[in-house]
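Reviewing the structure listed below.
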Amino acid sequence: MSDKKEPLLVVKNLKQHFPTTSGGLFSKVNGAIRAVDGISFELNAGETLGIVGESGCGKSTTVRSIAQLYRPTSGEVFFDGTDLCKSSEKELARARRDIQMIFQDPYASLDPRMTVRSIIAEPLQIFNKRGLLDTKMTSLEIEEEVEKLMERVGLNKAFKNRYPHEFSGGQRQRIGIARALALNPKIILADEPVSALDVSIQAQILNLLDDLQSELGLTYVFIAHDLAVIQHISTRVAVMYLGKIVELADKAELYNNPAHPYTQALLSAAPIPDPVIEKKRQRIILTGDVPSPDVEQRGCYFQARCPKRMPWCVCHVPPTFDLSEKQKVACWLYDERDLSKISEADAEADAAKSAINKE
Amino acid sequence: MKKKENIVLEVKNLQTHFLTDAGVVKAVDGVSFSVSEGETIGIVGESGSGKSVTNLSIMKLIPSPPGKIVGGEVIFEGQNILDLSEKELREIRGNKISMIFQDPMTSLNPFLKISTQMIETIRLHNKDVSKREAKERSIKLLEDVGIPAARKRIDNYPHQFSGGMRQRVMIAIALSCKAEVLIADEPTTALDVTIQAQILELIQNISKKHKTSVILITHDLGVVAGMCDEVCVMYAGRIVEKSLTDDLYKKPLHPYTEGLIKSVPRMDITDKKDKLFSIEGQPPNVINLPPCCPFHPRCHKAMDVCRCAYPLKNDFDGHEVSCWLYSTDEEKEEALKNAGEN
């Protein structure tokens, strides 16, 4: 790419497989859940990458692998030039100061036995003790910092000695955000931060995240399953299906001209709060459910549910096609050749031939 | 208001309270609505607004104590459900009024095969159906809700189905007795958008085919827009606005409804402002609510009168709203005066 500046985060062919075992006393590994199966993207500073997809498609695993909460099976995650997958624990600790997470469930992600003050101060105290902060902080300075953070996210600092159960869902999510901001990170990985919240509270949190980004120059990786939320917050959007990115495009491109049949179906299935539009809309209703991620498919992972399936798709895994600088899609419809006319037998023969070539 | 025809179920001034150590929680406080044959009515609101309690009360499923239905009537087939004995209720529950619950993972018994659970439901309400007939009917129902290879799948256990499939099984069970009213309590909240679209279409088709009345509880305004004929918006245990769906979205009267509609990010509007409209503050604690408009601390149009009396209900040609904005000056003055005296 002809970029002037280095991207902040580069993910290359990231794979995260979880081994499955036969169970019992002498259990053997007999397969793997391919939660994330070879995804690549780049993210510039100040951008927001939205990741959408259905449950089980690997959105959360992706961000957890980026933060190295799981050590990836293979692939590379470059943050600010260093490969996190190969870093030692010590280097990782330093990198994690710049990479923070916000979690989905504001009830489960805060320790019920800690006060708000100790929750928000904890990252500061840990990094302070290890000497990983730029300058050592005294406990008084940490105290002041906590108060500043609470005010920044819209919490009354008088509440700092309270416990999480005394707060509502939206306020708890604010505590989680304050904790993520404590170390002044460069990138925040937000794993469904608004999906557990009510509509009116969701808008408050989205606005807060927006403000923080413009004020502090944050970069977000933002996961949601709600397409409208993603559209609101993102600059670029990745659509995931069964551990793979099927389409990666600028927001405007993706929402105006969705290229992948799955993206098209997702967009048409998302309800719009306007009865006049709703009644006129044509839905693409997908049949069936998402297949299990423990089997490696021969062809496109979406073909079983795809309304535009061709015989070719059954036995060929689609590569990523660049439709433009701003839009990448993994679908055979965009191959230069017209594959729709190829018969089943020819497609199978071709697949068999390329399998032999590979060996 | 245009008189509704063929009313199947009518809820009148329903009140359900919970007695807790901290005080009385008026979870539902005077809710009235009616559903006619084949109509789909939506109940929207945030968590804690009393949507689910309303519908559990209709079936008299409120755990008591601590819950208690303290007032109101639910008229179904000419009788008040709330006066019926447990035995009589059993005739209605699942048979004439059935429910689909939110979480398809927990509403099926994990120890029993799907066939056992379906046959149980059918034979419970229809004693003269043989087991074999009931099973045949179950297979037919599963096919109707779109489960492939139903004959084979019926002998599976719930854990062998995905979330969307389990919700279909739940719908099939709910339909097994050809209920006249189907209460769907957040039927798609736990599901993904593509599966949600399938399930909603299924419910819609059933409602059309069998003229089933549907009460759809949801917090998703998009779902309501596509599905419902009429909408009730609930806030702190009361219906604050009730109207035909088209009118409600075109011209929301209550500031809360207006805020809700505006605060949802929308995919279809491309030239958007950077900021979402947001309703400030938190939903109120419903324990010992003062006698005022419960929305006033968050309302951008709040007036003095909102702080001291609950608003009157105004009816604009079937579009009902409880908000002081639409009351006359005399009414407001009187309310202020009464509040001053107390």
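By order in the structure tokens, chains are A, B, ...; within a chain, residues start at 1; ligands start at 1, following the order shown.
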
Considering only C-alpha atoms, extract the chain B residues located within 8 Å of chain A and return them as a VMD selection string. chain B and resid 46 to 47 162 164 192 to 198 219 221 to 226 245 to 246 249 259 to 261 263 to 268 275 to 280 282

Can you list, as a PyMOL selection string, every residue of range 197-236 of chain B that DSSP puts in helix (DSSP H, G or I)? chain B and resi 197-210+221-227

Tell me, in Å to one decimal, how far CA of Ile75 in chain B is from CA of Met234 in chain B. 20.7 Å

Residues within 7 Å of range 314-321 of chain B, only C-alpha atoms, excluding chain neighbours under 2 positions, as a count of residues only: 11

Would you list the contacts of His165 in chain A as a ChimeraX atom specification, taking every protein, DNA or RNA residue within 10 Å and counting only C-alpha atoms, but skipping same-chain residues closer than 3 positions in sequence? /A:107,110-113,115,162,168-169,172

Residues just named, written with N, CA and C atoms as an mmCIF file, in the first residue's frame:
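Ended up saving to again-v6.cif:
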```cif
data_model
loop_
_atom_site.group_PDB
_atom_site.id
_atom_site.type_symbol
_atom_site.label_atom_id
_atom_site.label_comp_id
_atom_site.auth_asym_id
_atom_site.auth_seq_id
_atom_site.Cartn_x
_atom_site.Cartn_y
_atom_site.Cartn_z
ATOM 1 N N TYR A 107 -21.567 -6.782 33.960
ATOM 2 C CA TYR A 107 -21.794 -7.407 35.260
ATOM 3 C C TYR A 107 -20.676 -8.388 35.588
ATOM 4 N N LEU A 110 -16.451 -6.814 36.060
ATOM 5 C CA LEU A 110 -15.955 -6.039 37.200
ATOM 6 C C LEU A 110 -15.997 -6.920 38.449
ATOM 7 N N ASP A 111 -14.925 -6.920 39.196
ATOM 8 C CA ASP A 111 -14.867 -7.724 40.419
ATOM 9 C C ASP A 111 -15.836 -7.151 41.457
ATOM 10 N N PRO A 112 -16.841 -7.950 41.875
ATOM 11 C CA PRO A 112 -17.847 -7.401 42.789
ATOM 12 C C PRO A 112 -17.286 -7.039 44.156
ATOM 13 N N ARG A 113 -16.086 -7.526 44.463
ATOM 14 C CA ARG A 113 -15.555 -7.249 45.810
ATOM 15 C C ARG A 113 -14.576 -6.087 45.811
ATOM 16 N N THR A 115 -13.855 -1.939 45.115
ATOM 17 C CA THR A 115 -14.550 -0.668 44.944
ATOM 18 C C THR A 115 -14.186 -0.109 43.569
ATOM 19 N N ARG A 162 -17.764 3.197 46.130
ATOM 20 C CA ARG A 162 -18.884 2.268 46.019
ATOM 21 C C ARG A 162 -18.456 1.009 45.295
ATOM 22 N N SER A 168 -25.866 0.892 37.738
ATOM 23 C CA SER A 168 -26.657 0.267 36.673
ATOM 24 C C SER A 168 -25.721 -0.183 35.553
ATOM 25 N N GLY A 169 -26.283 -0.928 34.590
ATOM 26 C CA GLY A 169 -25.476 -1.483 33.505
ATOM 27 C C GLY A 169 -24.662 -0.430 32.753
ATOM 28 N N ARG A 172 -21.829 0.860 34.883
ATOM 29 C CA ARG A 172 -20.770 -0.139 35.000
ATOM 30 C C ARG A 172 -19.911 -0.136 33.759
#
```

Go ahead and compute the interatomic distance for CA of Gly94 in chain B and CA of Arg153 in chain B, in Å to one decimal. 22.9 Å

I'd like the interatomic distance between CA of Glu91 in chain B and CA of Ala174 in chain B, to a tenth of an Å. 14.1 Å

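Excluding range 31-34 of chain A and any residue on its chain fewer than 2 positions from it, the residues at most 9 Å away by only C-alpha atoms are Lys15, Gln16, His17, Phe18, Pro19, Thr20, Thr21, Ser22, Val29, Val36, Asp37, Gly58, Leu242, Gly243, Ser292, Pro293, Asp294, Val295 and Glu296 of chain A.
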
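Here the question is which of B:Glu143, B:Asp155, B:Glu73, B:Glu88 gets nearest to Lys12 in chain B using only C-alpha atoms, and that residue is B:Glu73.
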
Find the residues around Ile114 in chain B up to 7 Å (only C-alpha atoms counted), leave out those fewer than 2 positions away in its own chain, and share them as number ranges by chain. B: 112, 116-118, 154-158

Could those residues be written to a file, using all heavy atoms, as a PDB file, in the first residue's frame?
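Written out: selection_5.pdb:
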```pdb
ATOM      1  N   LEU B 112     -34.907 -34.455  28.400  1.00  0.00           N
ATOM      2  CA  LEU B 112     -35.943 -35.150  27.637  1.00  0.00           C
ATOM      3  C   LEU B 112     -35.779 -34.927  26.151  1.00  0.00           C
ATOM      4  O   LEU B 112     -35.390 -33.844  25.714  1.00  0.00           O
ATOM      5  CB  LEU B 112     -37.323 -34.641  28.074  1.00  0.00           C
ATOM      6  CG  LEU B 112     -37.698 -34.858  29.531  1.00  0.00           C
ATOM      7  CD1 LEU B 112     -39.066 -34.266  29.797  1.00  0.00           C
ATOM      8  CD2 LEU B 112     -37.684 -36.331  29.883  1.00  0.00           C
ATOM      9  N   THR B 116     -40.575 -36.399  23.415  1.00  0.00           N
ATOM     10  CA  THR B 116     -41.249 -36.527  24.707  1.00  0.00           C
ATOM     11  C   THR B 116     -41.906 -35.206  25.102  1.00  0.00           C
ATOM     12  O   THR B 116     -43.052 -35.177  25.554  1.00  0.00           O
ATOM     13  CB  THR B 116     -40.224 -36.921  25.798  1.00  0.00           C
ATOM     14  OG1 THR B 116     -39.323 -37.855  25.243  1.00  0.00           O
ATOM     15  CG2 THR B 116     -40.903 -37.479  27.010  1.00  0.00           C
ATOM     16  N   GLN B 117     -41.159 -34.125  24.910  1.00  0.00           N
ATOM     17  CA  GLN B 117     -41.666 -32.826  25.339  1.00  0.00           C
ATOM     18  C   GLN B 117     -42.854 -32.386  24.496  1.00  0.00           C
ATOM     19  O   GLN B 117     -43.788 -31.763  24.993  1.00  0.00           O
ATOM     20  CB  GLN B 117     -40.558 -31.772  25.279  1.00  0.00           C
ATOM     21  CG  GLN B 117     -39.350 -32.172  26.101  1.00  0.00           C
ATOM     22  CD  GLN B 117     -38.359 -31.045  26.299  1.00  0.00           C
ATOM     23  OE1 GLN B 117     -38.725 -29.904  26.498  1.00  0.00           O
ATOM     24  NE2 GLN B 117     -37.082 -31.364  26.258  1.00  0.00           N
ATOM     25  N   MET B 118     -42.826 -32.713  23.217  1.00  0.00           N
ATOM     26  CA  MET B 118     -43.929 -32.299  22.350  1.00  0.00           C
ATOM     27  C   MET B 118     -45.161 -33.159  22.592  1.00  0.00           C
ATOM     28  O   MET B 118     -46.284 -32.655  22.659  1.00  0.00           O
ATOM     29  CB  MET B 118     -43.508 -32.368  20.884  1.00  0.00           C
ATOM     30  CG  MET B 118     -42.465 -31.322  20.552  1.00  0.00           C
ATOM     31  SD  MET B 118     -42.206 -31.126  18.785  1.00  0.00           S
ATOM     32  CE  MET B 118     -43.685 -30.250  18.324  1.00  0.00           C
ATOM     33  N   ILE B 154     -36.692 -35.506  15.625  1.00  0.00           N
ATOM     34  CA  ILE B 154     -37.612 -35.437  16.761  1.00  0.00           C
ATOM     35  C   ILE B 154     -37.117 -36.280  17.933  1.00  0.00           C
ATOM     36  O   ILE B 154     -37.429 -36.017  19.087  1.00  0.00           O
ATOM     37  CB  ILE B 154     -39.038 -35.843  16.340  1.00  0.00           C
ATOM     38  CG1 ILE B 154     -40.031 -35.430  17.435  1.00  0.00           C
ATOM     39  CG2 ILE B 154     -39.127 -37.336  16.043  1.00  0.00           C
ATOM     40  CD1 ILE B 154     -41.444 -35.442  17.005  1.00  0.00           C
ATOM     41  N   ASP B 155     -36.281 -37.288  17.659  1.00  0.00           N
ATOM     42  CA  ASP B 155     -35.763 -38.102  18.750  1.00  0.00           C
ATOM     43  C   ASP B 155     -34.440 -37.593  19.305  1.00  0.00           C
ATOM     44  O   ASP B 155     -33.781 -38.280  20.070  1.00  0.00           O
ATOM     45  CB  ASP B 155     -35.634 -39.560  18.298  1.00  0.00           C
ATOM     46  CG  ASP B 155     -37.000 -40.212  18.196  1.00  0.00           C
ATOM     47  OD1 ASP B 155     -37.829 -39.956  19.096  1.00  0.00           O
ATOM     48  OD2 ASP B 155     -37.261 -40.935  17.214  1.00  0.00           O
ATOM     49  N   ASN B 156     -34.073 -36.374  18.899  1.00  0.00           N
ATOM     50  CA  ASN B 156     -32.845 -35.778  19.449  1.00  0.00           C
ATOM     51  C   ASN B 156     -33.128 -35.058  20.764  1.00  0.00           C
ATOM     52  O   ASN B 156     -34.273 -34.763  21.093  1.00  0.00           O
ATOM     53  CB  ASN B 156     -32.268 -34.764  18.468  1.00  0.00           C
ATOM     54  CG  ASN B 156     -31.605 -35.432  17.288  1.00  0.00           C
ATOM     55  OD1 ASN B 156     -31.637 -36.650  17.154  1.00  0.00           O
ATOM     56  ND2 ASN B 156     -31.019 -34.636  16.438  1.00  0.00           N
ATOM     57  N   TYR B 157     -32.048 -34.757  21.461  1.00  0.00           N
ATOM     58  CA  TYR B 157     -32.144 -33.972  22.686  1.00  0.00           C
ATOM     59  C   TYR B 157     -31.892 -32.501  22.355  1.00  0.00           C
ATOM     60  O   TYR B 157     -31.234 -32.198  21.361  1.00  0.00           O
ATOM     61  CB  TYR B 157     -31.114 -34.471  23.703  1.00  0.00           C
ATOM     62  CG  TYR B 157     -31.481 -35.813  24.278  1.00  0.00           C
ATOM     63  CD1 TYR B 157     -31.051 -36.981  23.690  1.00  0.00           C
ATOM     64  CD2 TYR B 157     -32.281 -35.887  25.413  1.00  0.00           C
ATOM     65  CE1 TYR B 157     -31.409 -38.217  24.197  1.00  0.00           C
ATOM     66  CE2 TYR B 157     -32.636 -37.115  25.942  1.00  0.00           C
ATOM     67  CZ  TYR B 157     -32.199 -38.281  25.338  1.00  0.00           C
ATOM     68  OH  TYR B 157     -32.565 -39.477  25.850  1.00  0.00           O
ATOM     69  N   PRO B 158     -32.377 -31.593  23.212  1.00  0.00           N
ATOM     70  CA  PRO B 158     -32.230 -30.164  22.911  1.00  0.00           C
ATOM     71  C   PRO B 158     -30.789 -29.732  22.593  1.00  0.00           C
ATOM     72  O   PRO B 158     -30.583 -28.892  21.728  1.00  0.00           O
ATOM     73  CB  PRO B 158     -32.728 -29.484  24.186  1.00  0.00           C
ATOM     74  CG  PRO B 158     -33.703 -30.432  24.749  1.00  0.00           C
ATOM     75  CD  PRO B 158     -33.207 -31.799  24.412  1.00  0.00           C
TER      76      PRO B 158
END
```

Taking the chain letters and numbering used in this document, name the residues of range 105-339 of chain B that DSSP puts in strand (DSSP E or B), as a PyMOL selection string. chain B and resi 181-185+213-218+230-235+238-244+287+313-316+319-322

For Phe33 in chain B, work out the shell of residues within 10 Å, counting only C-alpha atoms and skipping chain neighbours fewer than 3 positions away, then give it as a VMD selection string. chain B and resid 9 to 14 41 74 231 to 232 239 242

Could you save those same residues with N, CA and C atoms as an mmCIF file, in the first residue's frame?
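Writing the result to selection.cif gives the following:
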```
data_model
loop_
_atom_site.group_PDB
_atom_site.id
_atom_site.type_symbol
_atom_site.label_atom_id
_atom_site.label_comp_id
_atom_site.auth_asym_id
_atom_site.auth_seq_id
_atom_site.Cartn_x
_atom_site.Cartn_y
_atom_site.Cartn_z
ATOM 1 N N LEU B 9 -58.441 -10.922 23.369
ATOM 2 C CA LEU B 9 -57.924 -10.801 24.728
ATOM 3 C C LEU B 9 -57.920 -9.330 25.114
ATOM 4 N N GLU B 10 -58.424 -9.055 26.297
ATOM 5 C CA GLU B 10 -58.443 -7.667 26.724
ATOM 6 C C GLU B 10 -57.856 -7.546 28.127
ATOM 7 N N VAL B 11 -56.902 -6.677 28.270
ATOM 8 C CA VAL B 11 -56.296 -6.438 29.572
ATOM 9 C C VAL B 11 -56.792 -5.089 30.051
ATOM 10 N N LYS B 12 -57.349 -5.080 31.265
ATOM 11 C CA LYS B 12 -57.903 -3.826 31.778
ATOM 12 C C LYS B 12 -57.232 -3.455 33.085
ATOM 13 N N ASN B 13 -56.559 -2.345 33.090
ATOM 14 C CA ASN B 13 -56.008 -1.748 34.308
ATOM 15 C C ASN B 13 -55.249 -2.753 35.182
ATOM 16 N N LEU B 14 -54.418 -3.543 34.556
ATOM 17 C CA LEU B 14 -53.682 -4.590 35.260
ATOM 18 C C LEU B 14 -52.625 -3.989 36.197
ATOM 19 N N ILE B 41 -49.591 -7.257 18.292
ATOM 20 C CA ILE B 41 -49.388 -6.040 19.070
ATOM 21 C C ILE B 41 -48.004 -6.109 19.705
ATOM 22 N N VAL B 74 -58.211 -9.548 33.154
ATOM 23 C CA VAL B 74 -57.763 -10.027 31.861
ATOM 24 C C VAL B 74 -58.922 -10.825 31.277
ATOM 25 N N VAL B 231 -48.566 -0.684 18.714
ATOM 26 C CA VAL B 231 -47.443 -0.707 19.652
ATOM 27 C C VAL B 231 -47.823 -0.043 20.967
ATOM 28 N N CYS B 232 -47.407 -0.656 22.073
ATOM 29 C CA CYS B 232 -47.497 -0.007 23.375
ATOM 30 C C CYS B 232 -46.075 0.256 23.848
ATOM 31 N N ILE B 239 -48.025 2.079 30.504
ATOM 32 C CA ILE B 239 -47.973 2.350 29.069
ATOM 33 C C ILE B 239 -47.986 3.861 28.896
ATOM 34 N N LYS B 242 -49.547 4.594 23.183
ATOM 35 C CA LYS B 242 -50.090 3.438 22.468
ATOM 36 C C LYS B 242 -50.657 3.942 21.153
#
```

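Remark: for Thr82 in chain A, the closest of the candidate residues A:Ser324, A:Leu124, A:Val10, A:Asp346 is A:Val10 (distances computed over only C-alpha atoms).
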